[in-house]
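Q: I have a structure here, written as structure tokens, and I will follow up with some questions on it.
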Amino acid sequence: MKKALLVIACTLCSIAFSNAQWQQTSGPGGGNIQSFAVSGSNIFAGTDIGGVFLSTNKGTSWTAVNNGITNLSILSLAANGTTIYAGTWGDGIFLSGNNGTTWTASNSGLTNLTVQTIATSGTTLFAGTTAGIFRSANNGTSWTAVNNGLTNQTIQSISLNGTSIFAGTNGGGVFLSTDNGNTWTAVNTGLTNLIIHSITIKGKTIFAGTDIDGVFKSDNNGTTWTAADSGLTNTFTWSLAISSKNLFAGTWGGGVFISSDNGNTWKTANDGLTNLAVYSLAVNGTAIYAGTTGGVFLSLNEGVSWTAVDAGLTNLNILSMAANGTTIFAGTWGDGMFVSTNSGTSWKVSNNGLTNLIVQEIAVNGGYIFAGTNGGVFLSSDNGASWTAVTTGLTNLTVQSIAISGNSIFAVTGGGGVFLSVNNGTSWTPVNEGLTNLTIFDITGSAGNFFIVTNGGKVFLCANKGTSWTEVNTGFTNLIIYDLAANGSNIFAGTSGGIFLSTDKGTTWKAVNAGLTNLTVYSLSVSGNTIFAGTNGGVFQSLNNGTTWTPLKSGLTKLNVLSMTVSGNTIFAGTNGKSVFKTSLKD
């Protein structure tokens, strides 16, 4: 079932799973890739919520390397020989001298801890933060602010060219230092946009990627700039990189562009690139990496074609899960649907026909799979191989949850209330009589009774197939209700204050939290007579209708469990920022 939660900011510590009874599956892989660093044959990827990942085989597989990193939102990465630096959102810089096996904080003197870019030159480092530039002359042991002349101190990119240091800012354009950062001078003549996302250097030519005006270049060390965007049909330029043959530009929504004539002309290079929002680019010999909002793509032929390389890149918010026999479905925030047919050993993208990639709910009805997205309801009759929009009559397309009973399919929306289909989604009719709020977060049904939770934490009951709704809220006390689940005549509500149970069709509710040590309950799932609760500290189970709860094994105690499903003797847990875990229910 779907929650009001959606996405939680994730700054969780790294977790060791060596003795865990929950096991992380190989995916789904992807998510926002905000930065890269290359060290020999090793490629490091910095993600928005999953920390740092390492690949030693050109992206064929990835492994999380976060031991010691206290904030897993990685904005920047840099390599200086065998030392790797990671700049975080709010916790400063971490360094590793052993290929990411362990990390230590390196923040002495660093008074701003949101580090958006790192550049290296020998033992000298420059860190660009949201409050200026810091320099380290001792490989990161200590830092000193170097902001003299820097009239805009939100630094988004730093690049070095001999004794010249270029800094791209958010609104102040480009600044140049020729004295190791002691003083800075704005060098913006010719620039028509002063929001600089990226700077890279090829020989004596400096390239700057801007917010909406494309790429500019300078052949005189920044004294003047000229537009270099002929053929650049998307000019929101987030990233730049240079190979031995070409210049690459990563754009927001337009994918990758290539120039083989030093930026004079550009052409698209998106064959195989299924996500066109390119945050970051990196070159490692003949391998070109594109970091997108949907994972990493690799090109081994100078951008002629791309292949997704996300195995093990467990960096996704799993909003919804469902099982259809041995097939497991996982719906994500922004990366669409993933399917596993081998118990999570491998996952593949299942987005054919799915035009909205925020999948808040998955419901199974025989051979039909329904996906509730922020773009309406989609239906698959081939186990997820392809999807068709079924939205006729659905006047609000933000579908938060779906419940099915017989031939009645209910879809609840974020602003349009409840919709009913009695023809397998071919058409929908609003059924909102009695509702005082049309922002609905969740729905569950049992024995012809349907319950919904609305914005404001109110529960409503419908006992007449959607004809009318009645508020049934007695017993709740100013709580956020995230999820509902039914087990026969017993209705459970997962809230910000634990679990509540109603045995009288919602007339009254009582707290049933004995043994539940984590009271923020994001998700509920029922399998036979067992109730599972996904919390902000792992999964709990009850074998006695909620009278008592016990932790279901270990390994998820530092993760938010947003969704769950059971297939055979295996339960799968979808987490916030760490993709999917599983464990056996046999022992």
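Every chain in the structure tokens takes a letter, A first, then B, and so on in the order presented; its residues are numbered from 1, and the ligands are numbered from 1 following the presented order.
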Could you pull out the strand (DSSP E) residues of stretch 187-348 of chain A from DSSP and send them as number ranges by chain?

A: A: 196-202, 205-210, 215-218, 226-227, 237-242, 247-251, 255-259, 267-268, 278-284, 287-292, 295-299, 307-308, 318-324, 327-332, 337-340, 348

Q: Name the residues in contact with A:Ile499 at a cut-off of 9 Å, using only C-alpha atoms, excluding same-chain residues fewer than 2 positions from it; report them as a compact mmCIF listing (two decimals) with N, CA and C atoms, in the first residue's frame.

A:
```
# COMPACT_ATOMS: atom_id res chain seq x y z
N PHE A 492 -5.68 -2.75 10.01
CA PHE A 492 -4.50 -2.20 10.68
C PHE A 492 -4.13 -0.86 10.03
N ALA A 493 -3.66 0.06 10.85
CA ALA A 493 -3.18 1.35 10.37
C ALA A 493 -1.77 1.58 10.89
N GLY A 494 -0.84 1.81 9.98
CA GLY A 494 0.52 2.15 10.35
C GLY A 494 0.66 3.66 10.41
N THR A 495 1.12 4.18 11.55
CA THR A 495 1.12 5.62 11.78
C THR A 495 2.47 6.10 12.29
N SER A 496 2.54 7.40 12.54
CA SER A 496 3.74 7.99 13.15
C SER A 496 3.83 7.67 14.62
N GLY A 497 2.81 7.04 15.16
CA GLY A 497 2.81 6.66 16.57
C GLY A 497 2.53 5.19 16.78
N LEU A 501 -5.40 -0.88 15.49
CA LEU A 501 -6.23 -1.98 15.01
C LEU A 501 -7.70 -1.66 15.24
N LYS A 510 -7.65 0.98 18.37
CA LYS A 510 -6.82 0.95 19.57
C LYS A 510 -5.37 0.66 19.17
N ALA A 511 -4.45 1.22 19.94
CA ALA A 511 -3.03 0.99 19.69
C ALA A 511 -2.66 -0.45 20.04
N VAL A 512 -1.87 -1.09 19.16
CA VAL A 512 -1.39 -2.45 19.40
C VAL A 512 0.12 -2.46 19.13
N ASN A 513 0.88 -1.99 20.12
CA ASN A 513 2.30 -1.74 19.92
C ASN A 513 3.22 -2.54 20.83
N LEU A 516 6.80 -3.38 19.80
CA LEU A 516 7.17 -2.57 18.64
C LEU A 516 8.07 -1.43 19.11
N LEU A 519 8.21 3.12 16.37
CA LEU A 519 6.79 3.45 16.25
C LEU A 519 6.44 4.22 14.98
N THR A 520 7.42 4.50 14.12
CA THR A 520 7.10 5.12 12.84
C THR A 520 6.94 4.00 11.83
N VAL A 521 5.68 3.71 11.49
CA VAL A 521 5.36 2.54 10.65
C VAL A 521 4.93 3.02 9.27
N ALA A 533 5.19 -5.29 9.64
CA ALA A 533 5.22 -3.84 9.76
C ALA A 533 6.61 -3.34 9.38
N GLY A 546 -1.56 -8.70 16.02
CA GLY A 546 -1.10 -7.42 16.54
C GLY A 546 -1.00 -7.34 18.05
```

Q: Can you tell me which residues surround A:Ala311 at a distance of at most 9 Å, considering only C-alpha atoms, apart from same-chain residues fewer than 3 positions away, and format the answer as a PDB file with all heavy atoms, in the first residue's frame?

A:
```
ATOM      1  N   SER A  26      20.556  -7.657  -5.506  1.00  0.00           N
ATOM      2  CA  SER A  26      21.467  -6.974  -6.429  1.00  0.00           C
ATOM      3  C   SER A  26      20.907  -5.651  -6.950  1.00  0.00           C
ATOM      4  O   SER A  26      21.591  -4.936  -7.672  1.00  0.00           O
ATOM      5  CB  SER A  26      21.773  -7.878  -7.621  1.00  0.00           C
ATOM      6  OG  SER A  26      20.604  -8.066  -8.409  1.00  0.00           O
ATOM      7  N   GLY A  27      19.695  -5.318  -6.569  1.00  0.00           N
ATOM      8  CA  GLY A  27      19.100  -4.088  -7.088  1.00  0.00           C
ATOM      9  C   GLY A  27      17.753  -3.845  -6.440  1.00  0.00           C
ATOM     10  O   GLY A  27      17.507  -4.318  -5.333  1.00  0.00           O
ATOM     11  N   PRO A  28      16.866  -3.164  -7.161  1.00  0.00           N
ATOM     12  CA  PRO A  28      17.100  -2.541  -8.465  1.00  0.00           C
ATOM     13  C   PRO A  28      18.233  -1.503  -8.408  1.00  0.00           C
ATOM     14  O   PRO A  28      18.459  -0.882  -7.378  1.00  0.00           O
ATOM     15  CB  PRO A  28      15.765  -1.880  -8.789  1.00  0.00           C
ATOM     16  CG  PRO A  28      14.760  -2.623  -7.989  1.00  0.00           C
ATOM     17  CD  PRO A  28      15.476  -2.991  -6.717  1.00  0.00           C
ATOM     18  N   GLY A  29      18.909  -1.339  -9.532  1.00  0.00           N
ATOM     19  CA  GLY A  29      20.033  -0.426  -9.591  1.00  0.00           C
ATOM     20  C   GLY A  29      19.686   0.858 -10.315  1.00  0.00           C
ATOM     21  O   GLY A  29      18.869   0.877 -11.231  1.00  0.00           O
ATOM     22  N   GLY A  30      20.343   1.928  -9.881  1.00  0.00           N
ATOM     23  CA  GLY A  30      20.137   3.213 -10.551  1.00  0.00           C
ATOM     24  C   GLY A  30      20.107   4.355  -9.568  1.00  0.00           C
ATOM     25  O   GLY A  30      20.870   4.395  -8.614  1.00  0.00           O
ATOM     26  N   GLY A  59      31.982  -0.955 -14.744  1.00  0.00           N
ATOM     27  CA  GLY A  59      30.553  -0.799 -14.486  1.00  0.00           C
ATOM     28  C   GLY A  59      29.751  -2.072 -14.591  1.00  0.00           C
ATOM     29  O   GLY A  59      28.525  -2.033 -14.390  1.00  0.00           O
ATOM     30  N   THR A  60      30.387  -3.206 -14.894  1.00  0.00           N
ATOM     31  CA  THR A  60      29.640  -4.458 -14.959  1.00  0.00           C
ATOM     32  C   THR A  60      28.953  -4.743 -13.631  1.00  0.00           C
ATOM     33  O   THR A  60      27.822  -5.228 -13.586  1.00  0.00           O
ATOM     34  CB  THR A  60      30.582  -5.624 -15.325  1.00  0.00           C
ATOM     35  OG1 THR A  60      31.165  -5.346 -16.603  1.00  0.00           O
ATOM     36  CG2 THR A  60      29.821  -6.939 -15.391  1.00  0.00           C
ATOM     37  N   SER A  61      29.614  -4.422 -12.545  1.00  0.00           N
ATOM     38  CA  SER A  61      28.998  -4.538 -11.224  1.00  0.00           C
ATOM     39  C   SER A  61      29.538  -3.445 -10.320  1.00  0.00           C
ATOM     40  O   SER A  61      30.641  -2.923 -10.542  1.00  0.00           O
ATOM     41  CB  SER A  61      29.265  -5.914 -10.607  1.00  0.00           C
ATOM     42  OG  SER A  61      30.657  -6.126 -10.457  1.00  0.00           O
ATOM     43  N   TRP A  62      28.735  -3.090  -9.313  1.00  0.00           N
ATOM     44  CA  TRP A  62      29.087  -2.026  -8.373  1.00  0.00           C
ATOM     45  C   TRP A  62      28.950  -2.542  -6.950  1.00  0.00           C
ATOM     46  O   TRP A  62      28.101  -3.383  -6.663  1.00  0.00           O
ATOM     47  CB  TRP A  62      28.179  -0.810  -8.556  1.00  0.00           C
ATOM     48  CG  TRP A  62      28.253  -0.163  -9.899  1.00  0.00           C
ATOM     49  CD1 TRP A  62      27.561  -0.522 -11.017  1.00  0.00           C
ATOM     50  CD2 TRP A  62      29.067   0.946 -10.266  1.00  0.00           C
ATOM     51  NE1 TRP A  62      27.892   0.305 -12.062  1.00  0.00           N
ATOM     52  CE2 TRP A  62      28.820   1.219 -11.633  1.00  0.00           C
ATOM     53  CE3 TRP A  62      29.981   1.750  -9.578  1.00  0.00           C
ATOM     54  CZ2 TRP A  62      29.448   2.260 -12.308  1.00  0.00           C
ATOM     55  CZ3 TRP A  62      30.621   2.783 -10.247  1.00  0.00           C
ATOM     56  CH2 TRP A  62      30.349   3.034 -11.602  1.00  0.00           C
ATOM     57  N   THR A  63      29.778  -1.990  -6.071  1.00  0.00           N
ATOM     58  CA  THR A  63      29.716  -2.323  -4.652  1.00  0.00           C
ATOM     59  C   THR A  63      29.733  -1.042  -3.837  1.00  0.00           C
ATOM     60  O   THR A  63      30.544  -0.144  -4.113  1.00  0.00           O
ATOM     61  CB  THR A  63      30.921  -3.198  -4.236  1.00  0.00           C
ATOM     62  OG1 THR A  63      30.954  -4.370  -5.037  1.00  0.00           O
ATOM     63  CG2 THR A  63      30.818  -3.592  -2.769  1.00  0.00           C
ATOM     64  N   ALA A 308      23.183   0.588 -20.123  1.00  0.00           N
ATOM     65  CA  ALA A 308      23.002   0.771 -18.685  1.00  0.00           C
ATOM     66  C   ALA A 308      23.888  -0.216 -17.927  1.00  0.00           C
ATOM     67  O   ALA A 308      23.933  -1.398 -18.256  1.00  0.00           O
ATOM     68  CB  ALA A 308      21.546   0.566 -18.302  1.00  0.00           C
ATOM     69  N   THR A 314      22.717  -0.099  -5.695  1.00  0.00           N
ATOM     70  CA  THR A 314      21.482  -0.106  -4.897  1.00  0.00           C
ATOM     71  C   THR A 314      21.278   1.255  -4.251  1.00  0.00           C
ATOM     72  O   THR A 314      21.636   1.492  -3.092  1.00  0.00           O
ATOM     73  CB  THR A 314      21.561  -1.203  -3.837  1.00  0.00           C
ATOM     74  OG1 THR A 314      22.828  -1.104  -3.151  1.00  0.00           O
ATOM     75  CG2 THR A 314      21.463  -2.579  -4.479  1.00  0.00           C
ATOM     76  N   SER A 346      18.798 -10.923  -9.843  1.00  0.00           N
ATOM     77  CA  SER A 346      18.982  -9.882 -10.856  1.00  0.00           C
ATOM     78  C   SER A 346      17.652  -9.171 -11.079  1.00  0.00           C
ATOM     79  O   SER A 346      16.580  -9.729 -10.831  1.00  0.00           O
ATOM     80  CB  SER A 346      19.503 -10.471 -12.169  1.00  0.00           C
ATOM     81  OG  SER A 346      18.564 -11.384 -12.720  1.00  0.00           O
ATOM     82  N   TRP A 347      17.740  -7.935 -11.547  1.00  0.00           N
ATOM     83  CA  TRP A 347      16.562  -7.109 -11.827  1.00  0.00           C
ATOM     84  C   TRP A 347      16.694  -6.518 -13.216  1.00  0.00           C
ATOM     85  O   TRP A 347      17.798  -6.246 -13.678  1.00  0.00           O
ATOM     86  CB  TRP A 347      16.456  -5.971 -10.808  1.00  0.00           C
ATOM     87  CG  TRP A 347      16.264  -6.416  -9.392  1.00  0.00           C
ATOM     88  CD1 TRP A 347      17.236  -6.798  -8.516  1.00  0.00           C
ATOM     89  CD2 TRP A 347      15.031  -6.512  -8.685  1.00  0.00           C
ATOM     90  NE1 TRP A 347      16.684  -7.128  -7.306  1.00  0.00           N
ATOM     91  CE2 TRP A 347      15.331  -6.962  -7.382  1.00  0.00           C
ATOM     92  CE3 TRP A 347      13.699  -6.260  -9.024  1.00  0.00           C
ATOM     93  CZ2 TRP A 347      14.343  -7.164  -6.420  1.00  0.00           C
ATOM     94  CZ3 TRP A 347      12.714  -6.452  -8.068  1.00  0.00           C
ATOM     95  CH2 TRP A 347      13.034  -6.910  -6.782  1.00  0.00           C
TER      96      TRP A 347
END
```

Q: Tell me, as number ranges by chain, which residues lie within 9 Å of stretch 293-304 of chain A, counting only C-alpha atoms; anything in the same chain fewer than 5 positions away does not count.

A: A: 29-34, 45, 58-59, 243, 245-246, 248, 256-258, 269-279, 286-288, 309-310, 313, 315, 334-335

Q: Residues at most 9 Å from A:Asn262, counting only C-alpha atoms, excluding those fewer than 4 positions away in the same chain, as a list in words?

A: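 After dropping sequence-adjacent residues, the list is Lys202, Thr205, Ala228, Asn246 and Leu247 of chain A.
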
Q: Go ahead and write the selection's residues with all heavy atoms as a short mmCIF file (atom, residue, chain, number, x, y, z; two decimals), in the first residue's frame.

A:
```
data_model
loop_
_atom_site.label_atom_id
_atom_site.label_comp_id
_atom_site.auth_asym_id
_atom_site.auth_seq_id
_atom_site.Cartn_x
_atom_site.Cartn_y
_atom_site.Cartn_z
N LYS A 202 40.58 21.75 -22.21
CA LYS A 202 41.23 20.94 -23.24
C LYS A 202 42.34 21.77 -23.86
O LYS A 202 42.08 22.73 -24.59
CB LYS A 202 40.22 20.52 -24.31
CG LYS A 202 40.82 19.62 -25.39
CD LYS A 202 39.79 19.24 -26.43
CE LYS A 202 40.39 18.32 -27.49
NZ LYS A 202 39.41 17.98 -28.54
N THR A 205 42.09 25.64 -24.25
CA THR A 205 40.70 26.09 -24.35
C THR A 205 39.94 25.73 -23.09
O THR A 205 39.99 24.59 -22.62
CB THR A 205 40.00 25.45 -25.57
OG1 THR A 205 40.74 25.75 -26.75
CG2 THR A 205 38.60 25.99 -25.73
N ALA A 228 29.51 28.40 -27.75
CA ALA A 228 29.94 27.21 -28.49
C ALA A 228 28.81 26.19 -28.39
O ALA A 228 28.95 25.15 -27.74
CB ALA A 228 31.24 26.66 -27.91
N ASN A 246 36.95 13.48 -28.35
CA ASN A 246 35.74 14.29 -28.36
C ASN A 246 35.54 15.07 -27.07
O ASN A 246 36.11 14.74 -26.02
CB ASN A 246 34.51 13.39 -28.60
CG ASN A 246 34.52 12.74 -29.96
OD1 ASN A 246 34.70 13.41 -30.97
ND2 ASN A 246 34.33 11.43 -29.99
N LEU A 247 34.67 16.05 -27.19
CA LEU A 247 34.17 16.80 -26.04
C LEU A 247 32.73 16.37 -25.82
O LEU A 247 31.94 16.30 -26.76
CB LEU A 247 34.24 18.30 -26.32
CG LEU A 247 33.63 19.24 -25.28
CD1 LEU A 247 34.38 19.17 -23.96
CD2 LEU A 247 33.65 20.68 -25.82
#
```

Q: With distances taken over only C-alpha atoms, which residue among A:Ala79, A:Leu191, A:Leu397, A:Ile212 lies nearest A:Thr226?

A: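 Looking only at the distances to A:Thr226, the closest residue turns out to be A:Leu191.
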
Q: Give me, as a VMD selection string, all polymer residues having an atom no more than 12 Å from A:Gly376, counting only C-alpha atoms and skipping those fewer than 4 positions away in the same chain.

A: chain A and resid 354 to 361 370 to 372 387 to 402 411 to 414 416 419 425 428

Q: Would you save the residues from that selection as an mmCIF file, in the first residue's frame, using C-alpha atoms?

A:
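Final file, out-v4.cif:
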```cif
data_model
loop_
_atom_site.group_PDB
_atom_site.id
_atom_site.type_symbol
_atom_site.label_atom_id
_atom_site.label_comp_id
_atom_site.auth_asym_id
_atom_site.auth_seq_id
_atom_site.Cartn_x
_atom_site.Cartn_y
_atom_site.Cartn_z
ATOM 1 C CA LEU A 354 5.207 3.396 -18.763
ATOM 2 C CA THR A 355 5.318 7.128 -19.413
ATOM 3 C CA ASN A 356 5.532 8.161 -15.764
ATOM 4 C CA LEU A 357 8.348 6.694 -13.672
ATOM 5 C CA ILE A 358 7.118 7.487 -10.149
ATOM 6 C CA VAL A 359 5.379 4.220 -9.254
ATOM 7 C CA GLN A 360 3.546 4.624 -5.974
ATOM 8 C CA GLU A 361 1.482 1.440 -6.069
ATOM 9 C CA PHE A 370 -1.830 -2.411 -12.236
ATOM 10 C CA ALA A 371 0.676 0.372 -11.592
ATOM 11 C CA GLY A 372 -0.415 3.568 -9.895
ATOM 12 C CA TRP A 387 2.276 -1.285 -20.062
ATOM 13 C CA THR A 388 -0.758 0.577 -21.354
ATOM 14 C CA ALA A 389 -2.230 3.716 -19.805
ATOM 15 C CA VAL A 390 -5.816 3.146 -18.565
ATOM 16 C CA THR A 391 -6.882 6.629 -17.522
ATOM 17 C CA THR A 392 -10.224 7.332 -19.219
ATOM 18 C CA GLY A 393 -12.312 9.268 -16.703
ATOM 19 C CA LEU A 394 -9.408 9.631 -14.287
ATOM 20 C CA THR A 395 -9.435 13.406 -13.842
ATOM 21 C CA ASN A 396 -6.557 13.367 -11.376
ATOM 22 C CA LEU A 397 -3.485 11.367 -12.414
ATOM 23 C CA THR A 398 -1.553 11.342 -9.143
ATOM 24 C CA VAL A 399 -2.461 7.803 -8.155
ATOM 25 C CA GLN A 400 -1.345 7.025 -4.619
ATOM 26 C CA SER A 401 -2.879 3.589 -4.035
ATOM 27 C CA ILE A 402 -5.027 0.872 -5.652
ATOM 28 C CA ALA A 411 -7.728 4.112 -7.328
ATOM 29 C CA VAL A 412 -7.151 6.940 -4.860
ATOM 30 C CA THR A 413 -5.492 10.152 -5.945
ATOM 31 C CA GLY A 414 -3.689 13.155 -4.545
ATOM 32 C CA GLY A 416 -9.158 14.043 -7.067
ATOM 33 C CA PHE A 419 -12.129 6.580 -8.616
ATOM 34 C CA GLY A 425 -9.475 -0.046 -15.804
ATOM 35 C CA TRP A 428 -13.081 5.256 -14.227
#
```

Q: For A:Leu562, which of A:Met321, A:Leu438, A:Val526, A:Ile369 is the closest residue, counting only C-alpha atoms?

A: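 Of A:Met321, A:Leu438, A:Val526, A:Ile369, the one nearest A:Leu562, counting only C-alpha atoms, is A:Met321.
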
Q: Using atom CA of A:Thr474 and atom CA of A:Leu461 as the two end points, give the distance in Å to one decimal.

A: 12.4 Å

Q: Which polymer residues have any atom within 6 Å of an atom of stretch 150-162 of chain A, counting only C-alpha atoms, with same-chain residues fewer than 3 positions away left out, as a PDB file with N, CA, C and O atoms, in the first residue's frame?

A:
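Once everything was written out, this is result34.pdb:
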```
ATOM      1  N   GLN A 116      30.409  20.949  -3.078  1.00  0.00           N
ATOM      2  CA  GLN A 116      29.838  20.652  -4.393  1.00  0.00           C
ATOM      3  C   GLN A 116      30.873  20.274  -5.441  1.00  0.00           C
ATOM      4  O   GLN A 116      30.521  19.695  -6.468  1.00  0.00           O
ATOM      5  N   THR A 117      32.142  20.576  -5.186  1.00  0.00           N
ATOM      6  CA  THR A 117      33.179  20.244  -6.158  1.00  0.00           C
ATOM      7  C   THR A 117      34.520  20.163  -5.453  1.00  0.00           C
ATOM      8  O   THR A 117      34.770  20.861  -4.469  1.00  0.00           O
ATOM      9  N   GLY A 128      35.086  23.431  -3.389  1.00  0.00           N
ATOM     10  CA  GLY A 128      34.078  24.453  -3.622  1.00  0.00           C
ATOM     11  C   GLY A 128      32.819  24.130  -2.843  1.00  0.00           C
ATOM     12  O   GLY A 128      32.228  23.054  -3.018  1.00  0.00           O
ATOM     13  N   THR A 129      32.414  25.045  -1.981  1.00  0.00           N
ATOM     14  CA  THR A 129      31.262  24.831  -1.109  1.00  0.00           C
ATOM     15  C   THR A 129      30.169  25.838  -1.424  1.00  0.00           C
ATOM     16  O   THR A 129      30.302  26.662  -2.331  1.00  0.00           O
ATOM     17  N   THR A 130      29.099  25.794  -0.645  1.00  0.00           N
ATOM     18  CA  THR A 130      28.040  26.793  -0.803  1.00  0.00           C
ATOM     19  C   THR A 130      28.387  28.092  -0.088  1.00  0.00           C
ATOM     20  O   THR A 130      27.568  29.014  -0.039  1.00  0.00           O
ATOM     21  N   ALA A 131      29.594  28.178   0.478  1.00  0.00           N
ATOM     22  CA  ALA A 131      30.070  29.415   1.120  1.00  0.00           C
ATOM     23  C   ALA A 131      31.541  29.634   0.809  1.00  0.00           C
ATOM     24  O   ALA A 131      32.345  29.944   1.679  1.00  0.00           O
ATOM     25  N   GLY A 132      31.893  29.424  -0.440  1.00  0.00           N
ATOM     26  CA  GLY A 132      33.228  29.768  -0.875  1.00  0.00           C
ATOM     27  C   GLY A 132      34.146  28.593  -1.120  1.00  0.00           C
ATOM     28  O   GLY A 132      33.741  27.421  -1.104  1.00  0.00           O
ATOM     29  N   ASN A 147      38.902  33.191  -0.329  1.00  0.00           N
ATOM     30  CA  ASN A 147      37.763  33.794  -1.014  1.00  0.00           C
ATOM     31  C   ASN A 147      37.976  35.258  -1.387  1.00  0.00           C
ATOM     32  O   ASN A 147      37.018  35.941  -1.778  1.00  0.00           O
ATOM     33  N   ILE A 165      43.450  28.692 -12.005  1.00  0.00           N
ATOM     34  CA  ILE A 165      42.370  27.962 -11.357  1.00  0.00           C
ATOM     35  C   ILE A 165      41.060  28.658 -11.713  1.00  0.00           C
ATOM     36  O   ILE A 165      40.910  29.869 -11.465  1.00  0.00           O
ATOM     37  N   PHE A 166      40.129  27.923 -12.280  1.00  0.00           N
ATOM     38  CA  PHE A 166      38.837  28.473 -12.669  1.00  0.00           C
ATOM     39  C   PHE A 166      37.752  27.940 -11.735  1.00  0.00           C
ATOM     40  O   PHE A 166      37.724  26.741 -11.431  1.00  0.00           O
ATOM     41  N   ALA A 167      36.883  28.828 -11.304  1.00  0.00           N
ATOM     42  CA  ALA A 167      35.768  28.454 -10.431  1.00  0.00           C
ATOM     43  C   ALA A 167      34.462  28.923 -11.064  1.00  0.00           C
ATOM     44  O   ALA A 167      34.306  30.099 -11.394  1.00  0.00           O
ATOM     45  N   GLY A 168      33.528  27.982 -11.231  1.00  0.00           N
ATOM     46  CA  GLY A 168      32.195  28.313 -11.743  1.00  0.00           C
ATOM     47  C   GLY A 168      31.220  28.461 -10.598  1.00  0.00           C
ATOM     48  O   GLY A 168      31.154  27.601  -9.701  1.00  0.00           O
ATOM     49  N   THR A 169      30.450  29.534 -10.594  1.00  0.00           N
ATOM     50  CA  THR A 169      29.566  29.858  -9.475  1.00  0.00           C
ATOM     51  C   THR A 169      28.103  29.816  -9.885  1.00  0.00           C
ATOM     52  O   THR A 169      27.770  29.788 -11.073  1.00  0.00           O
ATOM     53  N   ASN A 170      27.250  29.853  -8.898  1.00  0.00           N
ATOM     54  CA  ASN A 170      25.804  29.859  -9.127  1.00  0.00           C
ATOM     55  C   ASN A 170      25.296  31.299  -9.147  1.00  0.00           C
ATOM     56  O   ASN A 170      24.740  31.795  -8.182  1.00  0.00           O
ATOM     57  N   GLY A 172      27.355  34.067 -10.301  1.00  0.00           N
ATOM     58  CA  GLY A 172      28.432  35.050 -10.428  1.00  0.00           C
ATOM     59  C   GLY A 172      29.349  34.788 -11.589  1.00  0.00           C
ATOM     60  O   GLY A 172      30.344  35.498 -11.772  1.00  0.00           O
ATOM     61  N   TRP A 184      40.955  36.225  -6.398  1.00  0.00           N
ATOM     62  CA  TRP A 184      40.107  35.799  -7.507  1.00  0.00           C
ATOM     63  C   TRP A 184      39.594  37.022  -8.257  1.00  0.00           C
ATOM     64  O   TRP A 184      39.324  38.074  -7.651  1.00  0.00           O
ATOM     65  N   HIS A 197      27.490  25.453 -14.264  1.00  0.00           N
ATOM     66  CA  HIS A 197      27.394  24.128 -13.669  1.00  0.00           C
ATOM     67  C   HIS A 197      28.687  23.329 -13.797  1.00  0.00           C
ATOM     68  O   HIS A 197      28.959  22.454 -12.961  1.00  0.00           O
ATOM     69  N   SER A 198      29.459  23.595 -14.838  1.00  0.00           N
ATOM     70  CA  SER A 198      30.638  22.757 -15.075  1.00  0.00           C
ATOM     71  C   SER A 198      31.687  23.527 -15.852  1.00  0.00           C
ATOM     72  O   SER A 198      31.364  24.394 -16.677  1.00  0.00           O
TER      73      SER A 198
END
```

Q: Taking only C-alpha atoms into account, name the residue in A:Thr163, A:Thr575, A:Ser259, A:Thr210 that is nearest to A:Ile49.

A: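 Nearest candidate to A:Ile49 out of A:Thr163, A:Thr575, A:Ser259, A:Thr210: A:Thr575.
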
Q: Please report the interatomic distance between atom CA of A:Gly498 and atom CA of A:Ala514 in Å with one decimal.

A: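 Computing the Euclidean distance for atom CA of A:Gly498 and atom CA of A:Ala514 yields 9.7 Å.
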
Q: Here is a test: counting only C-alpha atoms, which residue of A:Asn449, A:Asn193, A:Ser563, A:Gln21 is nearest to A:Thr237?

A: A:Asn193

Q: Please measure the separation of atom CA of A:Leu420 and atom CA of A:Val561, giving the value in Å to one decimal.

A: 29.0 Å
